[in-house]
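Colleague: Coordinates in upload21.cif, mmCIF, N, CA and C atoms, are listed below.
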```cif
data_work
#
loop_
_atom_site.group_PDB
_atom_site.id
_atom_site.type_symbol
_atom_site.label_atom_id
_atom_site.label_comp_id
_atom_site.auth_asym_id
_atom_site.auth_seq_id
_atom_site.Cartn_x
_atom_site.Cartn_y
_atom_site.Cartn_z
ATOM 1 N N MET A 19 0.859 -1.168 0.000
ATOM 2 C CA MET A 19 0.000 0.000 0.000
ATOM 3 C C MET A 19 0.902 1.226 0.000
ATOM 4 N N HIS A 20 0.566 2.183 -0.799
ATOM 5 C CA HIS A 20 1.313 3.438 -0.882
ATOM 6 C C HIS A 20 0.335 4.577 -0.623
ATOM 7 N N VAL A 21 0.653 5.405 0.353
ATOM 8 C CA VAL A 21 -0.233 6.500 0.729
ATOM 9 C C VAL A 21 0.490 7.811 0.478
ATOM 10 N N CYS A 22 -0.224 8.736 -0.135
ATOM 11 C CA CYS A 22 0.321 10.061 -0.394
ATOM 12 C C CYS A 22 -0.708 11.090 0.053
ATOM 13 N N ARG A 23 -0.289 11.959 0.945
ATOM 14 C CA ARG A 23 -1.197 12.986 1.450
ATOM 15 C C ARG A 23 -1.081 14.222 0.558
ATOM 16 N N ILE A 24 -2.229 14.730 0.128
ATOM 17 C CA ILE A 24 -2.263 15.881 -0.763
ATOM 18 C C ILE A 24 -2.976 17.018 -0.053
ATOM 19 N N ALA A 25 -2.308 18.152 0.021
ATOM 20 C CA ALA A 25 -2.916 19.322 0.645
ATOM 21 C C ALA A 25 -4.002 19.875 -0.265
ATOM 22 N N ILE A 26 -5.071 20.357 0.330
ATOM 23 C CA ILE A 26 -6.197 20.888 -0.442
ATOM 24 C C ILE A 26 -5.763 22.100 -1.268
ATOM 25 N N ALA A 27 -4.757 22.812 -0.776
ATOM 26 C CA ALA A 27 -4.264 23.989 -1.507
ATOM 27 C C ALA A 27 -3.548 23.595 -2.793
ATOM 28 N N ASP A 28 -3.089 22.334 -2.901
ATOM 29 C CA ASP A 28 -2.396 21.870 -4.101
ATOM 30 C C ASP A 28 -3.350 21.512 -5.237
ATOM 31 N N ILE A 29 -4.636 21.417 -4.951
ATOM 32 C CA ILE A 29 -5.619 21.049 -5.971
ATOM 33 C C ILE A 29 -6.146 22.335 -6.618
ATOM 34 N N PRO A 30 -6.037 22.441 -7.938
ATOM 35 C CA PRO A 30 -6.523 23.658 -8.614
ATOM 36 C C PRO A 30 -8.029 23.830 -8.446
ATOM 37 N N GLU A 31 -8.465 25.074 -8.423
ATOM 38 C CA GLU A 31 -9.887 25.361 -8.230
ATOM 39 C C GLU A 31 -10.675 25.337 -9.540
ATOM 40 N N SER A 32 -10.018 25.661 -10.638
ATOM 41 C CA SER A 32 -10.738 25.678 -11.914
ATOM 42 C C SER A 32 -11.000 24.245 -12.383
ATOM 43 N N GLU A 33 -12.060 24.094 -13.161
ATOM 44 C CA GLU A 33 -12.428 22.757 -13.617
ATOM 45 C C GLU A 33 -11.366 22.175 -14.542
ATOM 46 N N ASN A 34 -10.841 22.985 -15.456
ATOM 47 C CA ASN A 34 -9.806 22.502 -16.378
ATOM 48 C C ASN A 34 -8.516 22.190 -15.628
ATOM 49 N N GLY A 35 -8.158 23.047 -14.684
ATOM 50 C CA GLY A 35 -6.956 22.801 -13.890
ATOM 51 C C GLY A 35 -7.082 21.548 -13.049
ATOM 52 N N ALA A 36 -8.260 21.356 -12.439
ATOM 53 C CA ALA A 36 -8.490 20.166 -11.626
ATOM 54 C C ALA A 36 -8.460 18.904 -12.493
ATOM 55 N N ALA A 37 -9.027 18.984 -13.684
ATOM 56 C CA ALA A 37 -9.023 17.821 -14.582
ATOM 57 C C ALA A 37 -7.595 17.475 -14.997
ATOM 58 N N SER A 38 -6.813 18.485 -15.310
ATOM 59 C CA SER A 38 -5.419 18.261 -15.688
ATOM 60 C C SER A 38 -4.625 17.694 -14.514
ATOM 61 N N TRP A 39 -4.843 18.259 -13.320
ATOM 62 C CA TRP A 39 -4.154 17.780 -12.127
ATOM 63 C C TRP A 39 -4.530 16.326 -11.839
ATOM 64 N N LEU A 40 -5.802 16.001 -11.992
ATOM 65 C CA LEU A 40 -6.269 14.646 -11.747
ATOM 66 C C LEU A 40 -5.654 13.656 -12.731
ATOM 67 N N MET A 41 -5.563 14.042 -14.000
ATOM 68 C CA MET A 41 -4.939 13.167 -14.997
ATOM 69 C C MET A 41 -3.462 12.950 -14.671
ATOM 70 N N ASP A 42 -2.757 14.012 -14.259
ATOM 71 C CA ASP A 42 -1.345 13.880 -13.866
ATOM 72 C C ASP A 42 -1.199 12.967 -12.649
ATOM 73 N N THR A 43 -2.117 13.112 -11.693
ATOM 74 C CA THR A 43 -2.066 12.284 -10.486
ATOM 75 C C THR A 43 -2.279 10.815 -10.833
ATOM 76 N N PHE A 44 -3.235 10.528 -11.719
ATOM 77 C CA PHE A 44 -3.460 9.144 -12.125
ATOM 78 C C PHE A 44 -2.296 8.607 -12.944
ATOM 79 N N ARG A 45 -1.643 9.456 -13.728
ATOM 80 C CA ARG A 45 -0.466 9.039 -14.488
ATOM 81 C C ARG A 45 0.654 8.655 -13.505
ATOM 82 N N ASP A 46 0.839 9.470 -12.467
ATOM 83 C CA ASP A 46 1.844 9.155 -11.447
ATOM 84 C C ASP A 46 1.499 7.856 -10.717
ATOM 85 N N LYS A 47 0.204 7.664 -10.430
ATOM 86 C CA LYS A 47 -0.235 6.441 -9.771
ATOM 87 C C LYS A 47 0.044 5.218 -10.637
ATOM 88 N N ASP A 48 -0.237 5.322 -11.929
ATOM 89 C CA ASP A 48 0.018 4.206 -12.828
ATOM 90 C C ASP A 48 1.512 3.898 -12.926
ATOM 91 N N LYS A 49 2.351 4.940 -12.921
ATOM 92 C CA LYS A 49 3.799 4.730 -12.951
ATOM 93 C C LYS A 49 4.259 4.034 -11.673
ATOM 94 N N LEU A 50 3.736 4.464 -10.519
ATOM 95 C CA LEU A 50 4.075 3.803 -9.257
ATOM 96 C C LEU A 50 3.681 2.328 -9.289
ATOM 97 N N LEU A 51 2.493 2.050 -9.807
ATOM 98 C CA LEU A 51 2.013 0.678 -9.849
ATOM 99 C C LEU A 51 2.864 -0.180 -10.786
ATOM 100 N N SER A 52 3.218 0.357 -11.955
ATOM 101 C CA SER A 52 4.058 -0.423 -12.876
ATOM 102 C C SER A 52 5.457 -0.617 -12.298
ATOM 103 N N ASP A 53 6.005 0.401 -11.624
ATOM 104 C CA ASP A 53 7.308 0.241 -10.970
ATOM 105 C C ASP A 53 7.232 -0.805 -9.860
ATOM 106 N N PHE A 54 6.119 -0.813 -9.127
ATOM 107 C CA PHE A 54 5.949 -1.797 -8.066
ATOM 108 C C PHE A 54 5.934 -3.209 -8.643
ATOM 109 N N HIS A 55 5.221 -3.398 -9.756
ATOM 110 C CA HIS A 55 5.144 -4.732 -10.356
ATOM 111 C C HIS A 55 6.488 -5.166 -10.929
ATOM 112 N N SER A 56 7.271 -4.234 -11.475
ATOM 113 C CA SER A 56 8.547 -4.616 -12.077
ATOM 114 C C SER A 56 9.658 -4.766 -11.035
ATOM 115 N N GLN A 57 9.649 -3.928 -9.973
ATOM 116 C CA GLN A 57 10.736 -3.954 -8.998
ATOM 117 C C GLN A 57 10.368 -4.679 -7.705
ATOM 118 N N GLY A 58 9.079 -4.802 -7.428
ATOM 119 C CA GLY A 58 8.651 -5.491 -6.230
ATOM 120 C C GLY A 58 8.522 -4.603 -5.006
ATOM 121 N N HIS A 59 8.755 -3.298 -5.167
ATOM 122 C CA HIS A 59 8.603 -2.361 -4.048
ATOM 123 C C HIS A 59 8.393 -0.957 -4.606
ATOM 124 N N PHE A 60 7.897 -0.081 -3.729
ATOM 125 C CA PHE A 60 7.702 1.309 -4.109
ATOM 126 C C PHE A 60 9.018 2.065 -3.997
ATOM 127 N N PRO A 61 9.196 3.153 -4.743
ATOM 128 C CA PRO A 61 10.428 3.937 -4.601
ATOM 129 C C PRO A 61 10.482 4.603 -3.223
ATOM 130 N N ARG A 62 11.687 4.751 -2.715
ATOM 131 C CA ARG A 62 11.937 5.383 -1.413
ATOM 132 C C ARG A 62 11.202 4.663 -0.285
ATOM 133 N N GLU A 63 10.993 3.372 -0.448
ATOM 134 C CA GLU A 63 10.303 2.589 0.573
ATOM 135 C C GLU A 63 11.282 2.279 1.701
ATOM 136 N N GLY A 64 10.846 2.472 2.928
ATOM 137 C CA GLY A 64 11.698 2.164 4.070
ATOM 138 C C GLY A 64 11.898 0.670 4.200
ATOM 139 N N ILE A 65 13.035 0.300 4.684
ATOM 140 C CA ILE A 65 13.315 -1.113 4.891
ATOM 141 C C ILE A 65 13.609 -1.333 6.368
ATOM 142 N N GLU A 66 13.582 -2.584 6.788
ATOM 143 C CA GLU A 66 13.747 -2.896 8.200
ATOM 144 C C GLU A 66 15.102 -2.463 8.739
ATOM 145 N N SER A 67 16.145 -2.497 7.911
ATOM 146 C CA SER A 67 17.461 -2.128 8.411
ATOM 147 C C SER A 67 17.540 -0.643 8.753
ATOM 148 N N GLU A 68 16.636 0.169 8.212
ATOM 149 C CA GLU A 68 16.617 1.595 8.516
ATOM 150 C C GLU A 68 15.964 1.875 9.869
ATOM 151 N N LEU A 69 15.247 0.905 10.422
ATOM 152 C CA LEU A 69 14.611 1.078 11.714
ATOM 153 C C LEU A 69 15.650 0.952 12.824
ATOM 154 N N SER A 70 15.586 1.833 13.771
ATOM 155 C CA SER A 70 16.509 1.793 14.896
ATOM 156 C C SER A 70 15.970 0.826 15.953
ATOM 157 N N THR A 71 16.797 -0.121 16.336
ATOM 158 C CA THR A 71 16.393 -1.089 17.365
ATOM 159 C C THR A 71 16.142 -0.382 18.687
ATOM 160 N N ALA A 72 16.973 0.608 18.997
ATOM 161 C CA ALA A 72 16.806 1.338 20.261
ATOM 162 C C ALA A 72 15.471 2.090 20.282
ATOM 163 N N LYS A 73 15.103 2.732 19.167
ATOM 164 C CA LYS A 73 13.821 3.453 19.102
ATOM 165 C C LYS A 73 12.648 2.489 19.228
ATOM 166 N N CYS A 74 12.724 1.360 18.534
ATOM 167 C CA CYS A 74 11.644 0.369 18.614
ATOM 168 C C CYS A 74 11.512 -0.170 20.023
ATOM 169 N N LEU A 75 12.643 -0.446 20.676
ATOM 170 C CA LEU A 75 12.616 -0.958 22.040
ATOM 171 C C LEU A 75 12.070 0.096 22.998
ATOM 172 N N ALA A 76 12.472 1.360 22.827
ATOM 173 C CA ALA A 76 11.973 2.436 23.685
ATOM 174 C C ALA A 76 10.466 2.610 23.499
ATOM 175 N N ASN A 77 9.995 2.574 22.254
ATOM 176 C CA ASN A 77 8.555 2.681 21.996
ATOM 177 C C ASN A 77 7.796 1.516 22.614
ATOM 178 N N PHE A 78 8.330 0.325 22.486
ATOM 179 C CA PHE A 78 7.694 -0.863 23.049
ATOM 180 C C PHE A 78 7.587 -0.749 24.569
ATOM 181 N N ILE A 79 8.680 -0.366 25.215
ATOM 182 C CA ILE A 79 8.675 -0.228 26.676
ATOM 183 C C ILE A 79 7.704 0.857 27.111
ATOM 184 N N PHE A 80 7.659 1.969 26.374
ATOM 185 C CA PHE A 80 6.738 3.058 26.697
ATOM 186 C C PHE A 80 5.286 2.593 26.612
ATOM 187 N N VAL A 81 4.935 1.904 25.539
ATOM 188 C CA VAL A 81 3.558 1.436 25.354
ATOM 189 C C VAL A 81 3.182 0.417 26.421
ATOM 190 N N ILE A 82 4.063 -0.519 26.721
ATOM 191 C CA ILE A 82 3.778 -1.532 27.742
ATOM 192 C C ILE A 82 3.628 -0.875 29.111
ATOM 193 N N THR A 83 4.506 0.076 29.438
ATOM 194 C CA THR A 83 4.428 0.767 30.730
ATOM 195 C C THR A 83 3.144 1.567 30.843
ATOM 196 N N LEU A 84 2.799 2.295 29.801
ATOM 197 C CA LEU A 84 1.571 3.085 29.816
ATOM 198 C C LEU A 84 0.337 2.192 29.924
ATOM 199 N N THR A 85 0.340 1.078 29.221
ATOM 200 C CA THR A 85 -0.772 0.136 29.299
ATOM 201 C C THR A 85 -0.892 -0.448 30.709
ATOM 202 N N ALA A 86 0.229 -0.828 31.296
ATOM 203 C CA ALA A 86 0.210 -1.387 32.655
ATOM 204 C C ALA A 86 -0.268 -0.351 33.659
ATOM 205 N N LEU A 87 0.184 0.885 33.521
ATOM 206 C CA LEU A 87 -0.226 1.949 34.435
ATOM 207 C C LEU A 87 -1.732 2.205 34.340
ATOM 208 N N CYS A 88 -2.226 2.304 33.124
ATOM 209 C CA CYS A 88 -3.666 2.550 32.943
ATOM 210 C C CYS A 88 -4.492 1.376 33.457
ATOM 211 N N THR A 89 -4.023 0.156 33.231
ATOM 212 C CA THR A 89 -4.736 -1.007 33.742
ATOM 213 C C THR A 89 -4.740 -1.012 35.260
ATOM 214 N N TYR A 90 -3.594 -0.718 35.861
ATOM 215 C CA TYR A 90 -3.510 -0.669 37.321
ATOM 216 C C TYR A 90 -4.449 0.397 37.882
ATOM 217 N N LEU A 91 -4.405 1.599 37.291
ATOM 218 C CA LEU A 91 -5.259 2.676 37.788
ATOM 219 C C LEU A 91 -6.741 2.360 37.608
ATOM 220 N N THR A 92 -7.062 1.697 36.505
ATOM 221 C CA THR A 92 -8.463 1.355 36.268
ATOM 222 C C THR A 92 -8.960 0.310 37.272
ATOM 223 N N LEU A 93 -8.135 -0.646 37.589
ATOM 224 C CA LEU A 93 -8.568 -1.728 38.474
ATOM 225 C C LEU A 93 -8.481 -1.383 39.962
ATOM 226 N N PHE A 94 -7.458 -0.625 40.344
ATOM 227 C CA PHE A 94 -7.190 -0.450 41.772
ATOM 228 C C PHE A 94 -7.290 1.000 42.262
ATOM 229 N N SER A 95 -7.920 1.857 41.525
ATOM 230 C CA SER A 95 -8.004 3.251 41.961
ATOM 231 C C SER A 95 -9.399 3.566 42.497
ATOM 232 N N SER A 96 -9.592 4.821 42.818
ATOM 233 C CA SER A 96 -10.878 5.242 43.373
ATOM 234 C C SER A 96 -11.979 5.167 42.325
ATOM 235 N N ILE A 97 -13.182 5.267 42.783
ATOM 236 C CA ILE A 97 -14.346 5.205 41.893
ATOM 237 C C ILE A 97 -14.364 6.373 40.920
ATOM 238 N N TRP A 98 -13.800 7.524 41.306
ATOM 239 C CA TRP A 98 -13.829 8.697 40.426
ATOM 240 C C TRP A 98 -12.989 8.485 39.177
ATOM 241 N N PHE A 99 -11.862 7.802 39.325
ATOM 242 C CA PHE A 99 -11.047 7.513 38.146
ATOM 243 C C PHE A 99 -11.773 6.544 37.231
ATOM 244 N N LYS A 100 -12.459 5.573 37.813
ATOM 245 C CA LYS A 100 -13.213 4.614 37.007
ATOM 246 C C LYS A 100 -14.357 5.308 36.271
ATOM 247 N N ILE A 101 -15.000 6.256 36.923
ATOM 248 C CA ILE A 101 -16.051 7.031 36.261
ATOM 249 C C ILE A 101 -15.457 7.852 35.122
ATOM 250 N N TYR A 102 -14.296 8.450 35.351
ATOM 251 C CA TYR A 102 -13.620 9.237 34.318
ATOM 252 C C TYR A 102 -13.270 8.357 33.113
ATOM 253 N N VAL A 103 -12.663 7.196 33.359
ATOM 254 C CA VAL A 103 -12.285 6.296 32.269
ATOM 255 C C VAL A 103 -13.521 5.838 31.500
ATOM 256 N N SER A 104 -14.578 5.503 32.212
ATOM 257 C CA SER A 104 -15.816 5.063 31.549
ATOM 258 C C SER A 104 -16.417 6.163 30.696
ATOM 259 N N SER A 105 -16.414 7.405 31.207
ATOM 260 C CA SER A 105 -16.994 8.508 30.433
ATOM 261 C C SER A 105 -16.136 8.842 29.216
ATOM 262 N N VAL A 106 -14.817 8.753 29.343
ATOM 263 C CA VAL A 106 -13.941 8.992 28.188
ATOM 264 C C VAL A 106 -14.162 7.918 27.132
ATOM 265 N N CYS A 107 -14.265 6.663 27.547
ATOM 266 C CA CYS A 107 -14.518 5.582 26.585
ATOM 267 C C CYS A 107 -15.863 5.774 25.886
ATOM 268 N N ALA A 108 -16.881 6.171 26.639
ATOM 269 C CA ALA A 108 -18.197 6.403 26.040
ATOM 270 C C ALA A 108 -18.142 7.572 25.058
ATOM 271 N N PHE A 109 -17.430 8.637 25.430
ATOM 272 C CA PHE A 109 -17.306 9.788 24.528
ATOM 273 C C PHE A 109 -16.578 9.404 23.250
ATOM 274 N N LEU A 110 -15.451 8.686 23.370
ATOM 275 C CA LEU A 110 -14.686 8.304 22.181
ATOM 276 C C LEU A 110 -15.472 7.351 21.288
ATOM 277 N N ALA A 111 -16.218 6.429 21.893
ATOM 278 C CA ALA A 111 -17.032 5.516 21.085
ATOM 279 C C ALA A 111 -18.120 6.279 20.344
ATOM 280 N N THR A 112 -18.758 7.229 21.031
ATOM 281 C CA THR A 112 -19.806 8.027 20.394
ATOM 282 C C THR A 112 -19.230 8.915 19.295
ATOM 283 N N ALA A 113 -18.098 9.556 19.579
ATOM 284 C CA ALA A 113 -17.475 10.434 18.579
ATOM 285 C C ALA A 113 -17.022 9.645 17.361
ATOM 286 N N THR A 114 -16.528 8.429 17.584
ATOM 287 C CA THR A 114 -16.106 7.595 16.464
ATOM 288 C C THR A 114 -17.308 7.131 15.654
ATOM 289 N N TYR A 115 -18.365 6.713 16.318
ATOM 290 C CA TYR A 115 -19.548 6.209 15.625
ATOM 291 C C TYR A 115 -20.195 7.302 14.773
ATOM 292 N N PHE A 116 -20.317 8.510 15.328
ATOM 293 C CA PHE A 116 -20.964 9.607 14.604
ATOM 294 C C PHE A 116 -19.981 10.439 13.799
ATOM 295 N N ASN A 117 -18.708 10.039 13.775
ATOM 296 C CA ASN A 117 -17.660 10.704 13.005
ATOM 297 C C ASN A 117 -17.623 12.206 13.300
ATOM 298 N N SER A 118 -17.671 12.560 14.574
ATOM 299 C CA SER A 118 -17.633 13.974 14.952
ATOM 300 C C SER A 118 -16.209 14.362 15.314
ATOM 301 N N ARG A 119 -15.829 15.542 14.912
ATOM 302 C CA ARG A 119 -14.499 16.074 15.195
ATOM 303 C C ARG A 119 -14.646 17.333 16.028
ATOM 304 N N PRO A 120 -13.878 17.455 17.109
ATOM 305 C CA PRO A 120 -13.964 18.688 17.900
ATOM 306 C C PRO A 120 -13.344 19.852 17.130
ATOM 307 N N SER A 121 -13.845 21.052 17.385
ATOM 308 C CA SER A 121 -13.285 22.216 16.705
ATOM 309 C C SER A 121 -11.943 22.570 17.332
ATOM 310 N N ARG A 122 -11.076 23.174 16.543
ATOM 311 C CA ARG A 122 -9.759 23.557 17.035
ATOM 312 C C ARG A 122 -9.864 24.732 17.982
ATOM 313 N N ILE A 123 -9.106 24.658 19.047
ATOM 314 C CA ILE A 123 -9.042 25.765 19.983
ATOM 315 C C ILE A 123 -8.048 26.802 19.495
ATOM 316 N N VAL A 124 -6.906 26.321 19.028
ATOM 317 C CA VAL A 124 -5.856 27.194 18.509
ATOM 318 C C VAL A 124 -5.576 26.784 17.074
ATOM 319 N N SER A 125 -5.586 27.715 16.180
ATOM 320 C CA SER A 125 -5.303 27.420 14.789
ATOM 321 C C SER A 125 -3.820 27.595 14.541
ATOM 322 N N LEU A 126 -3.189 26.541 14.033
ATOM 323 C CA LEU A 126 -1.746 26.585 13.752
ATOM 324 C C LEU A 126 -1.481 26.765 12.294
#
```
I'd like the structure from this file rewritten - as structure tokens, please.
Modeller:
Amino acid sequence: MHVCRIAIADIPESENGAASWLMDTFRDKDKLLSDFHSQGHFPREGIESELSTAKCLANFIFVITLTALCTYLTLFSSIWFKIYVSSVCAFLATATYFNSRPSRIVSL
């Protein structure tokens, strides 16, 4: 899978410009696909040797520690923390189901 993020500002507003941009984008997509079939990978694709073992280990330890801490707090803490965790889970489930996004407080 190859993902490319395109900024909305990069898409032309005129119909002819958008059509031309779309044709160029599909031409690039077709070239990527043919290169993938001939070479077996996408260009500039990361490989496992480029991954840092120390970074992966640090991320793993961080995630495991955070998971253990949250599990401990959920099971052995006061009722108020359990109410907080339950309400956050309910909010996130509702926001995900209805695909709602909170408005930005600060625009960057």
Colleague: Figure out the distance between CA of Leu93 (chain A) and CA of Thr112 (chain A), please, to one decimal in Å.
Modeller: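 Rounded to one decimal, the two atoms are 23.4 Å apart.
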Colleague: Assign secondary structure with DSSP using the backbone only, and return the residues of chain A in alpha helix (DSSP H) as JSON, numbers by chain.
Modeller: {"A": [33, 34, 35, 36, 37, 38, 39, 40, 41, 42, 43, 44, 45, 46, 47, 48, 49, 50, 51, 52, 53, 54, 55, 56, 57, 71, 72, 73, 74, 75, 76, 77, 78, 79, 80, 81, 82, 83, 84, 85, 86, 87, 88, 89, 90, 91, 92, 93, 94, 97, 98, 99, 100, 101, 102, 103, 104, 105, 106, 107, 108, 109, 110, 111, 112, 113, 114, 115]}
Colleague: In Å, rounded to a single decimal, give me how far atom C of Ala76 (chain A) is from atom N of Ser95 (chain A).
Modeller: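 Distance between the two atoms: 25.8 Å.
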Colleague: Any idea what the distance is between CA of Thr92 (chain A) and CA of Tyr115 (chain A)?
Modeller: 23.9 Å
Colleague: Considering only C-alpha atoms, state which residue in the set A:His20, A:Pro30, A:Val81, A:Ala72 is at the smallest distance from His59 (chain A).
Modeller: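 When distances to His59 (chain A) are compared using only C-alpha atoms, the smallest one comes from A:His20.
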